[in-house]
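Listing of data.cif, mmCIF, C-alpha atoms
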```
data_entry
loop_
_atom_site.group_PDB
_atom_site.id
_atom_site.type_symbol
_atom_site.label_atom_id
_atom_site.label_comp_id
_atom_site.auth_asym_id
_atom_site.auth_seq_id
_atom_site.Cartn_x
_atom_site.Cartn_y
_atom_site.Cartn_z
ATOM 1 C CA ILE U 1 -47.883 -13.831 121.438
ATOM 2 C CA PHE U 2 -46.744 -10.239 121.004
ATOM 3 C CA ASP U 3 -45.098 -8.319 123.844
ATOM 4 C CA GLY U 4 -44.729 -4.862 122.318
ATOM 5 C CA SER U 5 -41.202 -5.407 121.104
ATOM 6 C CA GLY U 6 -42.117 -8.232 118.770
ATOM 7 C CA ILE U 7 -43.627 -11.668 118.409
ATOM 8 C CA VAL U 8 -42.278 -13.846 121.223
ATOM 9 C CA ALA U 9 -44.147 -17.074 120.429
ATOM 10 C CA CYS U 10 -46.197 -18.514 117.598
ATOM 11 C CA ASN U 11 -47.591 -21.874 116.568
ATOM 12 C CA ALA U 12 -47.069 -23.899 113.401
ATOM 13 C CA ALA U 13 -50.373 -22.621 111.977
ATOM 14 C CA ALA U 14 -49.076 -19.035 112.034
ATOM 15 C CA VAL U 15 -45.848 -20.118 110.329
ATOM 16 C CA ALA U 16 -47.853 -21.945 107.633
ATOM 17 C CA MET U 17 -50.309 -19.047 107.212
ATOM 18 C CA LEU U 18 -47.401 -16.687 106.612
ATOM 19 C CA ARG U 19 -45.716 -19.280 104.342
ATOM 20 C CA CYS U 20 -42.524 -19.124 106.336
ATOM 21 C CA ARG U 21 -40.067 -22.016 106.661
ATOM 22 C CA ASP U 22 -40.024 -21.996 110.468
ATOM 23 C CA LYS U 23 -40.684 -19.905 113.577
ATOM 24 C CA SER U 24 -37.326 -18.187 113.369
ATOM 25 C CA GLU U 25 -38.644 -16.139 110.417
ATOM 26 C CA VAL U 26 -41.531 -14.847 112.570
ATOM 27 C CA LEU U 27 -40.130 -14.437 116.086
ATOM 28 C CA GLY U 28 -39.021 -10.929 116.966
ATOM 29 C CA LEU U 29 -41.032 -9.285 114.180
ATOM 30 C CA HIS U 30 -43.593 -6.586 114.852
ATOM 31 C CA PRO U 31 -47.019 -7.577 113.428
ATOM 32 C CA ALA U 32 -47.064 -4.384 111.350
ATOM 33 C CA SER U 33 -43.961 -5.633 109.521
ATOM 34 C CA LEU U 34 -46.082 -8.620 108.419
ATOM 35 C CA SER U 35 -48.567 -6.238 106.803
ATOM 36 C CA PRO U 36 -48.659 -3.988 103.763
ATOM 37 C CA GLU U 37 -47.748 -0.375 104.502
ATOM 38 C CA LEU U 38 -51.406 0.681 104.330
ATOM 39 C CA GLN U 39 -54.569 -1.065 105.451
ATOM 40 C CA PRO U 40 -57.683 -0.955 103.204
ATOM 41 C CA ASP U 41 -58.978 2.125 105.070
ATOM 42 C CA GLY U 42 -55.836 4.019 103.971
ATOM 43 C CA ARG U 43 -54.250 4.117 107.412
ATOM 44 C CA ARG U 44 -50.641 3.091 107.967
ATOM 45 C CA SER U 45 -50.430 -0.432 109.374
ATOM 46 C CA LEU U 46 -47.986 0.574 112.100
ATOM 47 C CA GLU U 47 -50.105 3.378 113.548
ATOM 48 C CA LYS U 48 -53.313 1.359 113.219
ATOM 49 C CA CYS U 49 -51.587 -1.581 114.932
ATOM 50 C CA VAL U 50 -50.787 0.647 117.926
ATOM 51 C CA GLU U 51 -54.439 1.726 118.091
ATOM 52 C CA MET U 52 -55.720 -1.876 117.897
ATOM 53 C CA ASP U 53 -53.347 -2.897 120.714
ATOM 54 C CA ARG U 54 -54.564 0.019 122.844
ATOM 55 C CA LEU U 55 -58.210 -0.901 122.259
ATOM 56 C CA ALA U 56 -57.545 -4.524 123.232
ATOM 57 C CA ARG U 57 -55.909 -3.450 126.484
ATOM 58 C CA GLU U 58 -58.734 -1.006 127.289
ATOM 59 C CA ARG U 59 -61.555 -3.437 126.475
ATOM 60 C CA GLY U 60 -60.019 -6.707 127.601
ATOM 61 C CA HIS U 61 -60.026 -7.976 124.004
ATOM 62 C CA HIS U 62 -60.513 -6.595 120.516
ATOM 63 C CA ARG U 63 -61.547 -8.241 117.236
ATOM 64 C CA PHE U 64 -61.094 -6.593 113.844
ATOM 65 C CA ASP U 65 -60.335 -7.253 110.182
ATOM 66 C CA TRP U 66 -56.787 -6.767 108.942
ATOM 67 C CA VAL U 67 -54.611 -7.404 105.909
ATOM 68 C CA HIS U 68 -51.359 -9.270 106.473
ATOM 69 C CA ARG U 69 -48.633 -10.147 103.993
ATOM 70 C CA ARG U 70 -47.237 -13.643 103.515
ATOM 71 C CA ALA U 71 -43.495 -14.242 103.140
ATOM 72 C CA ASP U 72 -43.997 -14.636 99.366
ATOM 73 C CA GLY U 73 -45.507 -11.122 99.168
ATOM 74 C CA GLU U 74 -49.173 -12.127 98.846
ATOM 75 C CA ASP U 75 -51.545 -10.019 100.938
ATOM 76 C CA PHE U 76 -54.352 -11.881 102.695
ATOM 77 C CA PRO U 77 -57.364 -10.757 104.705
ATOM 78 C CA CYS U 78 -57.738 -12.026 108.231
ATOM 79 C CA GLU U 79 -59.784 -11.528 111.327
ATOM 80 C CA VAL U 80 -57.579 -10.680 114.290
ATOM 81 C CA THR U 81 -58.469 -11.141 117.934
ATOM 82 C CA LEU U 82 -56.209 -9.553 120.537
ATOM 83 C CA THR U 83 -56.467 -10.525 124.201
ATOM 84 C CA PRO U 84 -54.213 -9.012 126.870
ATOM 85 C CA VAL U 85 -52.258 -11.608 128.871
ATOM 86 C CA GLU U 86 -49.356 -11.567 131.279
ATOM 87 C CA LEU U 87 -46.209 -13.418 130.234
ATOM 88 C CA ARG U 88 -43.402 -13.810 132.767
ATOM 89 C CA GLY U 89 -44.635 -10.747 134.650
ATOM 90 C CA ARG U 90 -44.848 -8.614 131.505
ATOM 91 C CA SER U 91 -47.854 -7.373 129.608
ATOM 92 C CA ALA U 92 -48.400 -9.113 126.276
ATOM 93 C CA LEU U 93 -51.139 -9.797 123.750
ATOM 94 C CA LEU U 94 -52.407 -13.196 122.709
ATOM 95 C CA VAL U 95 -53.041 -12.818 118.983
ATOM 96 C CA VAL U 96 -55.356 -15.110 117.035
ATOM 97 C CA TRP U 97 -55.578 -14.856 113.249
ATOM 98 C CA HIS U 98 -58.289 -16.393 111.078
ATOM 99 C CA ASP U 99 -57.418 -16.341 107.380
ATOM 100 C CA LEU U 100 -60.526 -15.036 105.590
ATOM 101 C CA THR U 101 -59.309 -15.757 102.046
ATOM 102 C CA GLU U 102 -61.533 -18.777 101.379
ATOM 103 C CA ARG U 103 -64.582 -17.237 103.066
ATOM 104 C CA ILE U 104 -64.244 -14.086 100.954
ATOM 105 C CA ARG U 105 -63.842 -16.163 97.784
ATOM 106 C CA ALA U 106 -66.964 -18.164 98.668
ATOM 107 C CA GLU U 107 -68.905 -14.942 99.366
ATOM 108 C CA ASP U 108 -67.766 -13.537 96.000
ATOM 109 C CA ARG U 109 -68.898 -16.730 94.207
ATOM 110 C CA LEU U 110 -72.245 -16.557 95.996
ATOM 111 C CA ARG U 111 -72.747 -12.906 94.987
ATOM 112 C CA GLU U 112 -71.890 -13.768 91.370
ATOM 113 C CA SER U 113 -74.310 -16.703 91.434
ATOM 114 C CA GLU U 114 -77.081 -14.552 92.931
ATOM 115 C CA ALA U 115 -76.505 -11.863 90.290
ATOM 116 C CA LEU U 116 -76.709 -14.463 87.526
ATOM 117 C CA LEU U 117 -79.891 -15.962 88.958
ATOM 118 C CA ARG U 118 -81.432 -12.497 89.324
ATOM 119 C CA ALA U 119 -80.493 -11.602 85.731
ATOM 120 C CA VAL U 120 -82.060 -14.826 84.441
ATOM 121 C CA THR U 121 -85.265 -14.516 86.474
ATOM 122 C CA GLU U 122 -85.734 -10.815 85.748
ATOM 123 C CA ASN U 123 -85.153 -11.180 82.013
ATOM 124 C CA THR U 124 -87.577 -14.004 81.371
ATOM 125 C CA SER U 125 -91.214 -13.503 80.449
ATOM 126 C CA ASP U 126 -92.158 -16.542 82.547
ATOM 127 C CA ALA U 127 -93.399 -16.219 86.108
ATOM 128 C CA VAL U 128 -90.758 -17.401 88.582
ATOM 129 C CA PHE U 129 -91.467 -17.594 92.306
ATOM 130 C CA VAL U 130 -90.372 -19.352 95.486
ATOM 131 C CA LYS U 131 -92.617 -20.008 98.494
ATOM 132 C CA ASP U 132 -91.744 -21.115 102.015
ATOM 133 C CA PRO U 133 -93.432 -24.194 103.574
ATOM 134 C CA ALA U 134 -96.256 -21.983 104.889
ATOM 135 C CA GLY U 135 -96.998 -20.774 101.353
ATOM 136 C CA ARG U 136 -95.546 -17.264 101.730
ATOM 137 C CA TYR U 137 -93.784 -15.834 98.699
ATOM 138 C CA LEU U 138 -90.055 -15.530 99.360
ATOM 139 C CA PHE U 139 -89.255 -14.459 95.804
ATOM 140 C CA ILE U 140 -91.253 -13.487 92.740
ATOM 141 C CA ASN U 141 -89.906 -11.982 89.552
ATOM 142 C CA ALA U 142 -91.450 -8.996 87.772
ATOM 143 C CA ALA U 143 -93.196 -11.219 85.200
ATOM 144 C CA GLY U 144 -94.833 -13.226 87.986
ATOM 145 C CA ALA U 145 -96.000 -10.101 89.795
ATOM 146 C CA ARG U 146 -97.401 -8.679 86.519
ATOM 147 C CA PHE U 147 -99.233 -11.971 85.894
ATOM 148 C CA MET U 148 -100.884 -11.554 89.327
ATOM 149 C CA GLY U 149 -101.687 -7.909 88.630
ATOM 150 C CA ARG U 150 -99.508 -6.860 91.573
ATOM 151 C CA GLU U 151 -96.229 -5.146 92.358
ATOM 152 C CA THR U 152 -93.404 -7.401 93.539
ATOM 153 C CA ASP U 153 -93.298 -5.855 97.029
ATOM 154 C CA GLU U 154 -97.072 -6.438 97.433
ATOM 155 C CA VAL U 155 -96.559 -10.182 96.966
ATOM 156 C CA LEU U 156 -93.447 -10.884 99.049
ATOM 157 C CA GLY U 157 -94.162 -12.344 102.481
ATOM 158 C CA ARG U 158 -97.813 -12.997 101.705
ATOM 159 C CA ARG U 159 -99.787 -16.147 100.835
ATOM 160 C CA ASP U 160 -102.220 -16.616 97.952
ATOM 161 C CA GLU U 161 -105.163 -16.357 100.377
ATOM 162 C CA GLU U 162 -104.030 -12.850 101.281
ATOM 163 C CA LEU U 163 -103.648 -11.790 97.654
ATOM 164 C CA PHE U 164 -106.724 -13.263 96.004
ATOM 165 C CA ASP U 165 -110.330 -13.986 96.875
ATOM 166 C CA ALA U 166 -111.124 -17.600 97.806
ATOM 167 C CA GLU U 167 -112.439 -18.536 94.353
ATOM 168 C CA SER U 168 -109.402 -17.304 92.391
ATOM 169 C CA ALA U 169 -106.922 -18.637 94.979
ATOM 170 C CA ALA U 170 -108.358 -22.145 94.498
ATOM 171 C CA THR U 171 -107.809 -22.057 90.723
#
```
How does this structure look as structure tokens?
Amino acid sequence: IFDGSGIVACNAAAVAMLRCRDKSEVLGLHPASLSPELQPDGRRSLEKCVEMDRLARERGHHRFDWVHRRADGEDFPCEVTLTPVELRGRSALLVVWHDLTERIRAEDRLRESEALLRAVTENTSDAVFVKDPAGRYLFINAAGARFMGRETDEVLGRRDEELFDAESAAT
């Protein structure tokens, strides 16, 4: 919980996420001091932090991506949700952080895997295709489309019956 002057409360998960020894290393700090000087968009963390707080208060909550810095100096991406609350008669923000590090790594691995699969399927002379349970083409490589005498985009989303006459579709 952040009250404008600093963090006034945090849970053990926040302490662990920041790789701090205990809450005393976090309490009293401004969230911008737990961030690199600049965010990925080039804006200063402190001034962007003020804007994010303002948006949360205007909208009743605000969710956005942010880069924080752990106690050991490692920057990490997180999704931040700010929700205005009242604490002992004073305005404050309930702050929830979701560390996005593992999700981003998994997305990167997936992109790399997709690029490898695309390179393999596009550089083979064999026809490669995938159909859904209804028989519609979800994927076809260039060699497969050439074999059918079609362009790739003509085939995708269609079934054999839509592409060929009944006699050739049966063979």
In terms of the shortest atom-to-atom distance over all atoms listed in the file, which of U:Leu38, U:Ile7, U:Ala145, U:Val155 is closest to Asp75 (chain U)? U:Leu38
Expanded to explicit residues, what is the PyMOL selection byres ((chain U and resi 19) around 12) for this file, as a ChimeraX atom specification? /U:12-18,20-23,25-26,34,68-76
Evaluating the PyMOL selection byres ((chain U and resi 52) around 10) on the displayed file yields which residues, as a ChimeraX atom specification? /U:46-51,53-58,61-64,80-82
Name the residues that the PyMOL selection byres ((chain U and resi 123-136) around 10) picks from the file above, as a tab-separated table (two decimals) with C-alpha atoms, in the coordinates of the input, using the file's chain letters and numbers.
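Saved result, selection_1.tsv, follows:
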```
chain	number	residue	atom	x	y	z
U	117	LEU	CA	-79.89	-15.96	88.96
U	118	ARG	CA	-81.43	-12.50	89.32
U	119	ALA	CA	-80.49	-11.60	85.73
U	120	VAL	CA	-82.06	-14.83	84.44
U	121	THR	CA	-85.26	-14.52	86.47
U	122	GLU	CA	-85.73	-10.82	85.75
U	137	TYR	CA	-93.78	-15.83	98.70
U	138	LEU	CA	-90.06	-15.53	99.36
U	139	PHE	CA	-89.26	-14.46	95.80
U	140	ILE	CA	-91.25	-13.49	92.74
U	141	ASN	CA	-89.91	-11.98	89.55
U	142	ALA	CA	-91.45	-9.00	87.77
U	143	ALA	CA	-93.20	-11.22	85.20
U	144	GLY	CA	-94.83	-13.23	87.99
U	145	ALA	CA	-96.00	-10.10	89.80
U	146	ARG	CA	-97.40	-8.68	86.52
U	147	PHE	CA	-99.23	-11.97	85.89
U	148	MET	CA	-100.88	-11.55	89.33
U	155	VAL	CA	-96.56	-10.18	96.97
U	156	LEU	CA	-93.45	-10.88	99.05
U	157	GLY	CA	-94.16	-12.34	102.48
U	158	ARG	CA	-97.81	-13.00	101.70
U	159	ARG	CA	-99.79	-16.15	100.84
U	160	ASP	CA	-102.22	-16.62	97.95
U	161	GLU	CA	-105.16	-16.36	100.38
U	162	GLU	CA	-104.03	-12.85	101.28
```
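For the choices U:Val95, U:Glu79, U:Ser45, U:Arg59, the atom-to-atom distance to Asn11 (chain U) is smallest for U:Val95 when using only C-alpha atoms.
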By how many Å are CA of Ala32 (chain U) and CA of Val8 (chain U) apart?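 According to the coordinates, CA of Ala32 (chain U) and CA of Val8 (chain U) are separated by 14.5 Å.
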I'd like the contact shell of Asp41 (chain U) - 12 Å cut-off, all atoms listed in the file, skipping same-chain residues fewer than 6 positions apart - returned as a list in words. Lys48, Asp65, Trp66 and Val67 of chain U
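The spacing separating CA of His98 (chain U) from CA of Cys78 (chain U) amounts to 5.2 Å.
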Separation of CA of Arg109 (chain U) and CA of Pro40 (chain U), in Å?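 Result for CA of Arg109 (chain U) versus CA of Pro40 (chain U): 21.3 Å, one decimal.
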Just need the box for region 95-102 of chain U, edges along x, y and z, holding every atom the file lists for it with 8 Å tacked onto each side, so centre and edge lengths in Å to one decimal, as lines of an AutoDock Vina configuration file.
```
center_x = -57.3
center_y = -15.8
center_z = 110.2
size_x = 24.5
size_y = 22.0
size_z = 33.6
```
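Among the candidate residues U:Phe164, U:Gly60, U:Ser5, U:Asp99, the one lying nearest to Val85 (chain U) is U:Gly60, with distances computed using all atoms listed in the file.
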Neighbour list for Phe2 (chain U) as a PyMOL selection string, cut-off 7 Å, only C-alpha atoms, skip fewer than 2 positions in-chain: chain U and resi 4+6-8+92-94
